[in-house]
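Peer 1: Once you've had a glance at the structure underneath, I'll fire off some questions.
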Amino acid sequence: MSNQCFFMERGTLGTPTVGDVLTLEGPEAHHAVNVKRVRAGETIDLVDGTGVRASVEVLDTDKSSLRATVAAVDHEEANPVRITLVQALAKGDRDLQAVESAVELGIDAVRPWQSDRAIVRWNEAKAAKALGKWEATVLAALKQSRRTYLPEVLPMLSSPALAADMAARTASGHPVLVVVLHERSTDSVARVVQTWKADSLQATVGNESAPAEVLLVVGPEGGISDQELEKFIQAGARVALLGHHVLRASTAGPAALVLVRHLLDQL
């Protein structure tokens with residue numbers, strides 16, 4: 001059984017070595033001690049979102065802190081191709097369900113998208129709180145899945161802003177693939193990704209100055225409008241079909257992510 005995983009403030013774990021004594025404080029320590037009932041003598045994992053995992057033996061606890069000695073340290077490599085889920089806002093927290101599953105399945109970043117047909121709307125007063133809910137969902141999924149890298153939660157974009165972001169990325173000179181999942185396409189996700197991998201990605205292997213990235217764009221319950229689709233295509237996006245069955249907004253992104261990671265040899 002895997003150790004319970006707890007999150008230290010990003011970047012604070014540093015480069016621990018076996019025998020070091022670490023202190024977990026604040027709300028996360030309170031959660032570990034008072035909710036998860038972690039006690040002296042137990043082994044837990046501490047991560048800080050940067051790829052480092054410290055397996056530690058708890059020395060002592062109080063209501064708001066926990067001290068532990070490092071028993072083992074693991075450094076994980078980041079994925080060579082960064083994958084971002086651009087998820088349209090959806091009712092019934094289906095967007096959050098998609099984000100949660102995507103984090104568990106290995107996504108590197110998520111971005112909320114205010115699409116034209118989205119029923120859910122984030123006004124200026126609501127946006128900060130709603131984005132905070134996305135961040136909390138990502139962190140909880142990281143701990144549940146025992147990940148060491150904390151996926152980035154990017155700011156919400158409207159459709160025009162998203163098209164501009166796509167255009168900037170595809171024109172950057174880096175190997176970037178933007179895949180818009182849409183039932184109108186006759187190209188499969190697999191074919192689009194395999195072609196990009198052969199034509200664009202292989203030429204940059206080992207070139208750290210040209211980071212590779214895949215964006216998976218998932219629309220709302222009402223679908224992506226023709227106007228949005230045209231703007232995205234003009235910005236360099238490829239439209240691809242995930243399958244013949246219509247998936248919910250909460251399912252399409254995670255399903256595409258598993259396929260893309262498999263095709264990129266990340267699984």
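A note on labels: chains of the structure tokens are A, B, ... as shown, every chain counts residues from 1, and ligands are counted from 1 in their shown order.
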Can you pull out the residues contacting Glu135 (chain A)? Cut-off 10 Å, using only C-alpha atoms, and skip same-chain residues under 5 positions away; I want them as a PyMOL selection string.

Peer 2: chain A and resi 96+99+110+129-130+140-141+150-154

Peer 1: Could you save the residues just selected, with N, CA and C atoms, as a short mmCIF file (atom, residue, chain, number, x, y, z; two decimals), in the first residue's frame?

Peer 2:
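Listing of again-v1.cif after writing:
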```cif
data_model
loop_
_atom_site.label_atom_id
_atom_site.label_comp_id
_atom_site.auth_asym_id
_atom_site.auth_seq_id
_atom_site.Cartn_x
_atom_site.Cartn_y
_atom_site.Cartn_z
N LEU A 96 -14.76 20.39 -13.23
CA LEU A 96 -13.89 19.99 -12.13
C LEU A 96 -13.65 18.48 -12.12
N VAL A 99 -10.97 17.91 -14.61
CA VAL A 99 -9.69 18.34 -14.07
C VAL A 99 -9.15 17.32 -13.08
N VAL A 110 -3.71 22.78 -16.56
CA VAL A 110 -5.12 22.89 -16.92
C VAL A 110 -5.48 24.36 -17.07
N LYS A 129 -12.51 33.26 -6.98
CA LYS A 129 -12.97 32.16 -6.12
C LYS A 129 -13.08 30.86 -6.91
N ALA A 130 -13.61 30.96 -8.14
CA ALA A 130 -13.78 29.77 -8.97
C ALA A 130 -12.42 29.18 -9.35
N ALA A 140 -5.74 18.41 -4.41
CA ALA A 140 -6.31 17.20 -3.81
C ALA A 140 -6.06 15.98 -4.69
N ALA A 141 -6.18 16.16 -6.01
CA ALA A 141 -5.94 15.04 -6.93
C ALA A 141 -4.47 14.65 -6.95
N LEU A 150 3.18 19.24 -9.36
CA LEU A 150 1.89 19.91 -9.23
C LEU A 150 1.52 20.55 -10.56
N PRO A 151 0.44 20.10 -11.21
CA PRO A 151 0.03 20.71 -12.48
C PRO A 151 -0.30 22.20 -12.30
N GLU A 152 0.04 22.98 -13.30
CA GLU A 152 -0.21 24.42 -13.26
C GLU A 152 -1.67 24.70 -13.60
N VAL A 153 -2.29 25.61 -12.85
CA VAL A 153 -3.63 26.08 -13.17
C VAL A 153 -3.49 27.45 -13.83
N LEU A 154 -3.76 27.50 -15.11
CA LEU A 154 -3.59 28.72 -15.89
C LEU A 154 -4.84 29.60 -15.80
#
```

Peer 1: Near region 7-19 of chain A, within 7 Å and counting only C-alpha atoms, which residues show up once chain neighbours fewer than 3 positions away are dropped, as a PyMOL selection string?

Peer 2: chain A and resi 24+28+46-50+69-73

Peer 1: May I have the residues within 8 Å of region 43-45 of chain A as an NGL selection string, using only C-alpha atoms and disregarding those fewer than 5 positions away in the same chain?

Peer 2: :A and (3-6 or 53-58)

Peer 1: When you look at Pro220 (chain A) with a cut-off of 10 Å (counting only C-alpha atoms), what residues show up, excluding the ones that are within fewer than 3 positions of it in the same chain? I need them as a PyMOL selection string.

Peer 2: chain A and resi 87-91+94-95+113-120+223-225+248-250

Peer 1: Point out the residue among A:Ala125, A:Leu139, A:Val33, A:Val86 with the least atom-to-atom distance to Glu100 (chain A), counting only C-alpha atoms.

Peer 2: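 Using only C-alpha atoms, the shortest distance to Glu100 (chain A) belongs to A:Leu139.
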
Peer 1: Would you return as a PDB file with N, CA and C atoms, in the first residue's frame the members of region 70-133 of chain A that DSSP assigns to strand (DSSP E) on this structure's backbone?

Peer 2:
```
ATOM      1  N   VAL A  70      13.940  11.936   7.238  1.00  0.00           N
ATOM      2  CA  VAL A  70      13.911  11.438   5.864  1.00  0.00           C
ATOM      3  C   VAL A  70      14.505  10.025   5.806  1.00  0.00           C
ATOM      4  N   ALA A  71      13.727   9.093   5.266  1.00  0.00           N
ATOM      5  CA  ALA A  71      14.179   7.706   5.109  1.00  0.00           C
ATOM      6  C   ALA A  71      14.612   7.409   3.679  1.00  0.00           C
ATOM      7  N   ALA A  72      14.002   8.089   2.703  1.00  0.00           N
ATOM      8  CA  ALA A  72      14.360   7.872   1.294  1.00  0.00           C
ATOM      9  C   ALA A  72      13.918   9.086   0.488  1.00  0.00           C
ATOM     10  N   VAL A  73      14.634   9.336  -0.620  1.00  0.00           N
ATOM     11  CA  VAL A  73      14.323  10.472  -1.488  1.00  0.00           C
ATOM     12  C   VAL A  73      14.259   9.981  -2.926  1.00  0.00           C
ATOM     13  N   ASP A  74      13.230  10.440  -3.639  1.00  0.00           N
ATOM     14  CA  ASP A  74      13.064  10.068  -5.042  1.00  0.00           C
ATOM     15  C   ASP A  74      12.911  11.337  -5.865  1.00  0.00           C
ATOM     16  N   HIS A  75      13.677  11.429  -6.956  1.00  0.00           N
ATOM     17  CA  HIS A  75      13.581  12.561  -7.873  1.00  0.00           C
ATOM     18  C   HIS A  75      12.994  12.056  -9.187  1.00  0.00           C
ATOM     19  N   VAL A  81       7.215  16.068 -23.036  1.00  0.00           N
ATOM     20  CA  VAL A  81       6.176  16.814 -23.752  1.00  0.00           C
ATOM     21  C   VAL A  81       5.132  17.251 -22.736  1.00  0.00           C
ATOM     22  N   ARG A  82       4.948  18.536 -22.596  1.00  0.00           N
ATOM     23  CA  ARG A  82       3.984  19.092 -21.644  1.00  0.00           C
ATOM     24  C   ARG A  82       2.587  19.019 -22.269  1.00  0.00           C
ATOM     25  N   ILE A  83       1.641  18.469 -21.517  1.00  0.00           N
ATOM     26  CA  ILE A  83       0.274  18.347 -22.013  1.00  0.00           C
ATOM     27  C   ILE A  83      -0.644  19.209 -21.148  1.00  0.00           C
ATOM     28  N   THR A  84      -1.408  20.068 -21.812  1.00  0.00           N
ATOM     29  CA  THR A  84      -2.332  20.980 -21.129  1.00  0.00           C
ATOM     30  C   THR A  84      -3.761  20.656 -21.540  1.00  0.00           C
ATOM     31  N   LEU A  85      -4.652  20.574 -20.572  1.00  0.00           N
ATOM     32  CA  LEU A  85      -6.078  20.417 -20.844  1.00  0.00           C
ATOM     33  C   LEU A  85      -6.743  21.780 -20.800  1.00  0.00           C
ATOM     34  N   VAL A  86      -7.304  22.204 -21.924  1.00  0.00           N
ATOM     35  CA  VAL A  86      -8.104  23.428 -21.983  1.00  0.00           C
ATOM     36  C   VAL A  86      -9.559  22.982 -21.879  1.00  0.00           C
ATOM     37  N   GLN A  87     -10.158  23.195 -20.721  1.00  0.00           N
ATOM     38  CA  GLN A  87     -11.475  22.652 -20.417  1.00  0.00           C
ATOM     39  C   GLN A  87     -12.526  23.756 -20.358  1.00  0.00           C
ATOM     40  N   ALA A  88     -13.532  23.640 -21.212  1.00  0.00           N
ATOM     41  CA  ALA A  88     -14.633  24.610 -21.159  1.00  0.00           C
ATOM     42  C   ALA A  88     -15.382  24.481 -19.841  1.00  0.00           C
ATOM     43  N   ALA A 109      -0.831  20.684 -17.027  1.00  0.00           N
ATOM     44  CA  ALA A 109      -1.439  21.991 -16.764  1.00  0.00           C
ATOM     45  C   ALA A 109      -2.902  21.935 -17.179  1.00  0.00           C
ATOM     46  N   VAL A 110      -3.707  22.784 -16.564  1.00  0.00           N
ATOM     47  CA  VAL A 110      -5.124  22.887 -16.922  1.00  0.00           C
ATOM     48  C   VAL A 110      -5.479  24.360 -17.071  1.00  0.00           C
ATOM     49  N   ARG A 111      -6.401  24.637 -17.993  1.00  0.00           N
ATOM     50  CA  ARG A 111      -6.847  26.010 -18.205  1.00  0.00           C
ATOM     51  C   ARG A 111      -8.361  26.034 -18.365  1.00  0.00           C
ATOM     52  N   PRO A 112      -9.066  26.834 -17.551  1.00  0.00           N
ATOM     53  CA  PRO A 112     -10.503  27.017 -17.764  1.00  0.00           C
ATOM     54  C   PRO A 112     -10.752  27.900 -18.976  1.00  0.00           C
ATOM     55  N   TRP A 113     -11.789  27.545 -19.720  1.00  0.00           N
ATOM     56  CA  TRP A 113     -12.110  28.264 -20.956  1.00  0.00           C
ATOM     57  C   TRP A 113     -13.581  28.694 -20.910  1.00  0.00           C
ATOM     58  N   GLN A 114     -13.803  30.016 -21.041  1.00  0.00           N
ATOM     59  CA  GLN A 114     -15.162  30.566 -21.094  1.00  0.00           C
ATOM     60  C   GLN A 114     -15.633  30.530 -22.540  1.00  0.00           C
TER      61      GLN A 114
END
```

Peer 1: Could you pull out the residues in region 41-199 of chain A that DSSP calls helix (DSSP H, G or I) from the backbone, as a ChimeraX atom specification?

Peer 2: /A:91-104,124-145,159-170,189-199

Peer 1: Go ahead and write the selection's residues with C-alpha atoms as a PDB file, in the first residue's frame.

Peer 2:
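Final file, result12.pdb:
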```pdb
ATOM      1  CA  LYS A  91     -22.479  22.797 -15.306  1.00  0.00           C
ATOM      2  CA  GLY A  92     -22.732  20.323 -12.453  1.00  0.00           C
ATOM      3  CA  ASP A  93     -18.988  20.623 -11.735  1.00  0.00           C
ATOM      4  CA  ARG A  94     -18.264  18.410 -14.750  1.00  0.00           C
ATOM      5  CA  ASP A  95     -15.344  20.687 -15.583  1.00  0.00           C
ATOM      6  CA  LEU A  96     -13.887  19.989 -12.127  1.00  0.00           C
ATOM      7  CA  GLN A  97     -14.488  16.258 -12.598  1.00  0.00           C
ATOM      8  CA  ALA A  98     -12.482  16.450 -15.817  1.00  0.00           C
ATOM      9  CA  VAL A  99      -9.690  18.340 -14.074  1.00  0.00           C
ATOM     10  CA  GLU A 100      -9.567  15.882 -11.179  1.00  0.00           C
ATOM     11  CA  SER A 101      -9.329  12.860 -13.476  1.00  0.00           C
ATOM     12  CA  ALA A 102      -6.791  14.566 -15.733  1.00  0.00           C
ATOM     13  CA  VAL A 103      -4.486  15.276 -12.792  1.00  0.00           C
ATOM     14  CA  GLU A 104      -4.709  11.659 -11.655  1.00  0.00           C
ATOM     15  CA  GLU A 124     -15.208  39.272 -12.505  1.00  0.00           C
ATOM     16  CA  ALA A 125     -16.377  38.889  -8.910  1.00  0.00           C
ATOM     17  CA  LYS A 126     -16.624  35.103  -9.176  1.00  0.00           C
ATOM     18  CA  ALA A 127     -13.487  34.340 -11.196  1.00  0.00           C
ATOM     19  CA  ALA A 128     -10.912  34.421  -8.378  1.00  0.00           C
ATOM     20  CA  LYS A 129     -12.973  32.160  -6.118  1.00  0.00           C
ATOM     21  CA  ALA A 130     -13.778  29.771  -8.967  1.00  0.00           C
ATOM     22  CA  LEU A 131     -10.122  29.544 -10.012  1.00  0.00           C
ATOM     23  CA  GLY A 132      -9.236  28.830  -6.396  1.00  0.00           C
ATOM     24  CA  LYS A 133     -11.646  25.890  -6.506  1.00  0.00           C
ATOM     25  CA  TRP A 134      -9.802  24.554  -9.560  1.00  0.00           C
ATOM     26  CA  GLU A 135      -6.481  24.921  -7.705  1.00  0.00           C
ATOM     27  CA  ALA A 136      -7.858  23.079  -4.666  1.00  0.00           C
ATOM     28  CA  THR A 137      -9.135  20.285  -6.916  1.00  0.00           C
ATOM     29  CA  VAL A 138      -5.729  19.945  -8.584  1.00  0.00           C
ATOM     30  CA  LEU A 139      -3.917  19.784  -5.239  1.00  0.00           C
ATOM     31  CA  ALA A 140      -6.314  17.203  -3.809  1.00  0.00           C
ATOM     32  CA  ALA A 141      -5.940  15.039  -6.929  1.00  0.00           C
ATOM     33  CA  LEU A 142      -2.152  15.327  -6.744  1.00  0.00           C
ATOM     34  CA  LYS A 143      -2.138  13.983  -3.189  1.00  0.00           C
ATOM     35  CA  GLN A 144      -4.665  11.253  -3.938  1.00  0.00           C
ATOM     36  CA  SER A 145      -2.642  10.006  -6.916  1.00  0.00           C
ATOM     37  CA  SER A 159     -12.624  32.235 -26.930  1.00  0.00           C
ATOM     38  CA  PRO A 160     -10.911  35.203 -28.675  1.00  0.00           C
ATOM     39  CA  ALA A 161      -8.133  35.191 -26.072  1.00  0.00           C
ATOM     40  CA  LEU A 162      -7.735  31.431 -26.386  1.00  0.00           C
ATOM     41  CA  ALA A 163      -7.425  31.702 -30.188  1.00  0.00           C
ATOM     42  CA  ALA A 164      -4.755  34.384 -29.732  1.00  0.00           C
ATOM     43  CA  ASP A 165      -2.899  32.156 -27.267  1.00  0.00           C
ATOM     44  CA  MET A 166      -3.031  29.242 -29.722  1.00  0.00           C
ATOM     45  CA  ALA A 167      -1.679  31.419 -32.528  1.00  0.00           C
ATOM     46  CA  ALA A 168       1.202  32.648 -30.365  1.00  0.00           C
ATOM     47  CA  ARG A 169       2.135  29.121 -29.333  1.00  0.00           C
ATOM     48  CA  THR A 170       1.953  27.588 -32.803  1.00  0.00           C
ATOM     49  CA  VAL A 189      -6.756  11.988 -32.437  1.00  0.00           C
ATOM     50  CA  ALA A 190      -4.366   9.065 -32.907  1.00  0.00           C
ATOM     51  CA  ARG A 191      -3.587   9.991 -36.521  1.00  0.00           C
ATOM     52  CA  VAL A 192      -3.109  13.677 -35.723  1.00  0.00           C
ATOM     53  CA  VAL A 193      -0.767  12.968 -32.809  1.00  0.00           C
ATOM     54  CA  GLN A 194       1.231  10.301 -34.649  1.00  0.00           C
ATOM     55  CA  THR A 195       1.728  12.584 -37.656  1.00  0.00           C
ATOM     56  CA  TRP A 196       2.882  15.460 -35.441  1.00  0.00           C
ATOM     57  CA  LYS A 197       5.188  13.140 -33.525  1.00  0.00           C
ATOM     58  CA  ALA A 198       6.829  11.928 -36.738  1.00  0.00           C
ATOM     59  CA  ASP A 199       7.011  15.291 -38.524  1.00  0.00           C
TER      60      ASP A 199
END
```

Peer 1: Go through A:Ala255, A:Leu59, A:Leu242, A:Leu215 and flag the residue nearest Leu105 (chain A), using only C-alpha atoms for the distances.

Peer 2: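 Of A:Ala255, A:Leu59, A:Leu242, A:Leu215, the one nearest Leu105 (chain A) is A:Ala255, counting only C-alpha atoms.
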
Peer 1: Calculated over only C-alpha atoms, which of the candidates A:Val21, A:Leu216, A:Ala78, A:Val38 has the smallest distance to Val260 (chain A)?

Peer 2: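 Among the listed residues, A:Leu216 lies closest to Val260 (chain A).
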